[in-house]
Amino acid sequence: LAGLAARLFPALTEDRRAQALLNVVSVVPGAAGAFRRDAVVRVMGWPERTLTEDTDLVTIGMGGNDLNLFGTLIGGCIAAARTDPEGTPCADLGEKKLASTITGIRKRLTAAFLGVKNRAPKAEVIAVGYPQIVPARGTCLTLLPIAAGDYPFARRVNQQLDDAVRAAAAKAKVGFADVWAATAGHDVCAKDPWINGAQERPNEAIPFHPFAAE
């Protein structure tokens with residue numbers, strides 16, 4: 001929380017500057033995690049209400065941190081790979097839970113999108129899908145250090161999460177930005193990656209987050 005607070009403490013000032021200069025209001029990114037709202041309210045970094053009746057555009061990128069999906073995939077699968085680097089330890093543990101987790105995320109996203117529409121009835125609301133993080137073929141164990149046999153499972157998680165965002169957007173009748181198609185050939189393992197891997201890249205991207213190119 002302390003690290004997040006240090007990053008977000010200036011946010012209220014920046015929020016006002018963005019409004020004054022660009023006529024936009026920034027909001028907390030979904031990647032801050034499920035605790036994001038509570039954390040930023042505690043450090044007084046963001047106003048509680050960032051949507052108003054005259055808001056005209058809202059883009060929303062969220063879902064991966066819900067129900068600990070990415071936490072399990074990144075933390076759990078990497079840990080499992082240490083004992084079974086060639087097998088499918090993560091798939092063996094997570095396959096049975098995947099469908100119910102994705103269903104739960106889709107329902108939560110639908111409710112969130114509908115809530116945004118209710119709070120900002122005049123706004124165009126656009127749900128942003130997920131990029132291709134895991135390659136369709138091949139491995140890059142340094143950048144994505146999960147078991148070699150778990151790559152297909154991780155790819156399914158990645159794609160099904162994007163499908164959940166798309167389905168929730170359709171259900172809530174909001175727009176959808178197809179990032180999956182746009183990032184084809186630019187996954188973590190690609191020659192021209194748009195998504196960072198496990199390494200720290202100061203001033204470029206934190207692990208498993210997009211570079212500026214995306």
# chains A, B, ... in the order shown; residues from 1 in each chain; ligands from 1

$ residues_around --residues "range 167-177 of chain A" --least-positions-apart "5" --cutoff "8 Å" --atoms "only C-alpha atoms" --output "PyMOL selection string"
chain A and resi 106-107+109-111+113-114+124-129

$ residues_around --residues "Ser100 in chain A" --least-positions-apart "2" --cutoff "12 Å" --atoms "only C-alpha atoms" --output "list of chain:residue names"
A:Leu67, A:Leu69, A:Gly94, A:Glu95, A:Lys96, A:Lys97, A:Leu98, A:Ile102, A:Thr103, A:Gly104, A:Ile105, A:Arg106, A:Lys107, A:Val157, A:Gln160, A:Leu161, A:Ala164

$ write_last_selection --atoms "C-alpha atoms" --output "short mmCIF file (atom, residue, chain, number, x, y, z; two decimals), in the first residue's frame"
data_model
loop_
_atom_site.label_atom_id
_atom_site.label_comp_id
_atom_site.auth_asym_id
_atom_site.auth_seq_id
_atom_site.Cartn_x
_atom_site.Cartn_y
_atom_site.Cartn_z
CA LEU A 67 -11.19 -13.31 -8.42
CA LEU A 69 -7.16 -14.67 -11.88
CA GLY A 94 -6.51 -24.59 -12.43
CA GLU A 95 -8.35 -26.13 -15.36
CA LYS A 96 -11.38 -27.20 -13.32
CA LYS A 97 -11.80 -23.74 -11.82
CA LEU A 98 -11.25 -21.76 -15.00
CA ILE A 102 -14.33 -16.61 -16.08
CA THR A 103 -18.10 -16.73 -15.62
CA GLY A 104 -17.77 -14.85 -12.34
CA ILE A 105 -15.56 -12.20 -13.92
CA ARG A 106 -17.97 -11.76 -16.84
CA LYS A 107 -20.86 -11.16 -14.44
CA VAL A 157 -6.83 -18.01 -19.70
CA GLN A 160 -11.06 -16.41 -22.27
CA LEU A 161 -10.56 -13.28 -20.20
CA ALA A 164 -15.37 -12.32 -21.02
#

$ atom_distance --atom1 "CA of Ala147 in chain A" --atom2 "CA of Phe208 in chain A"
16.6 Å

$ residues_around --residues "Ala148 in chain A" --least-positions-apart "4" --cutoff "8 Å" --atoms "only C-alpha atoms" --output "VMD selection string"
chain A and resid 85 to 88 139 141

$ write_last_selection --atoms "N, CA and C atoms" --output "PDB file, in the first residue's frame"
ATOM      1  N   PRO A  85       9.103 -28.165 -14.310  1.00  0.00           N
ATOM      2  CA  PRO A  85       9.320 -27.179 -15.370  1.00  0.00           C
ATOM      3  C   PRO A  85       8.871 -27.602 -16.756  1.00  0.00           C
ATOM      4  N   GLU A  86       8.723 -28.908 -17.005  1.00  0.00           N
ATOM      5  CA  GLU A  86       8.333 -29.364 -18.329  1.00  0.00           C
ATOM      6  C   GLU A  86       6.872 -29.806 -18.407  1.00  0.00           C
ATOM      7  N   GLY A  87       6.235 -29.962 -17.263  1.00  0.00           N
ATOM      8  CA  GLY A  87       4.876 -30.507 -17.228  1.00  0.00           C
ATOM      9  C   GLY A  87       3.779 -29.460 -17.300  1.00  0.00           C
ATOM     10  N   THR A  88       2.629 -29.802 -16.715  1.00  0.00           N
ATOM     11  CA  THR A  88       1.466 -28.908 -16.748  1.00  0.00           C
ATOM     12  C   THR A  88       0.913 -28.715 -15.326  1.00  0.00           C
ATOM     13  N   THR A 139       7.707 -20.971 -26.549  1.00  0.00           N
ATOM     14  CA  THR A 139       7.893 -20.556 -25.164  1.00  0.00           C
ATOM     15  C   THR A 139       9.041 -19.558 -25.086  1.00  0.00           C
ATOM     16  N   LEU A 141      10.993 -18.961 -21.620  1.00  0.00           N
ATOM     17  CA  LEU A 141      10.940 -19.268 -20.198  1.00  0.00           C
ATOM     18  C   LEU A 141      11.573 -18.195 -19.320  1.00  0.00           C
TER      19      LEU A 141
END

$ atom_distance --atom1 "CA of Ala120 in chain A" --atom2 "CA of Gly61 in chain A"
16.8 Å

$ closest_residue --among "A:Asp187, A:Asp92, A:Asp162, A:Glu53" --to "Gly76 in chain A" --atoms "only C-alpha atoms"
A:Asp92

$ closest_residue --among "A:Lys122, A:Arg166, A:Arg156, A:Lys117" --to "Leu73 in chain A" --atoms "only C-alpha atoms"
A:Arg156

$ residues_around --residues "Trp180 in chain A" --least-positions-apart "3" --cutoff "8 Å" --atoms "only C-alpha atoms" --output "number ranges by chain"
A: 129-132, 162, 183-184

$ atom_distance --atom1 "CA of Phe211 in chain A" --atom2 "CA of Pro193 in chain A"
8.2 Å

$ closest_residue --among "A:Ile133, A:Ala154, A:Ala112, A:Leu144" --to "Asp66 in chain A" --atoms "only C-alpha atoms"
A:Ala112

$ residues_around --residues "Cys90 in chain A" --least-positions-apart "4" --cutoff "7 Å" --atoms "only C-alpha atoms" --output "ChimeraX atom specification"
/A:77,80,94,150

$ write_last_selection --atoms "C-alpha atoms" --output "mmCIF file, in the first residue's frame"
data_model
loop_
_atom_site.group_PDB
_atom_site.id
_atom_site.type_symbol
_atom_site.label_atom_id
_atom_site.label_comp_id
_atom_site.auth_asym_id
_atom_site.auth_seq_id
_atom_site.Cartn_x
_atom_site.Cartn_y
_atom_site.Cartn_z
ATOM 1 C CA CYS A 77 2.016 -20.939 -12.062
ATOM 2 C CA ALA A 80 4.569 -24.528 -9.705
ATOM 3 C CA GLY A 94 -6.505 -24.587 -12.427
ATOM 4 C CA ASP A 150 1.417 -24.772 -19.205
#

$ closest_residue --among "A:Asn158, A:Asn118, A:Thr142, A:Asn196" --to "Gly63 in chain A" --atoms "only C-alpha atoms"
A:Asn158

$ residues_around --residues "Arg155 in chain A" --least-positions-apart "6" --cutoff "7 Å" --atoms "only C-alpha atoms" --output "PDB file with C-alpha atoms, in the first residue's frame"
ATOM      1  CA  VAL A 134       0.958 -15.454 -24.071  1.00  0.00           C
ATOM      2  CA  PRO A 135       2.151 -16.672 -27.488  1.00  0.00           C
ATOM      3  CA  ALA A 136       0.031 -19.015 -29.580  1.00  0.00           C
TER       4      ALA A 136
END

$ closest_residue --among "A:Asp178, A:Ala123, A:Val58, A:Ala198" --to "Gly75 in chain A" --atoms "only C-alpha atoms"
A:Ala198
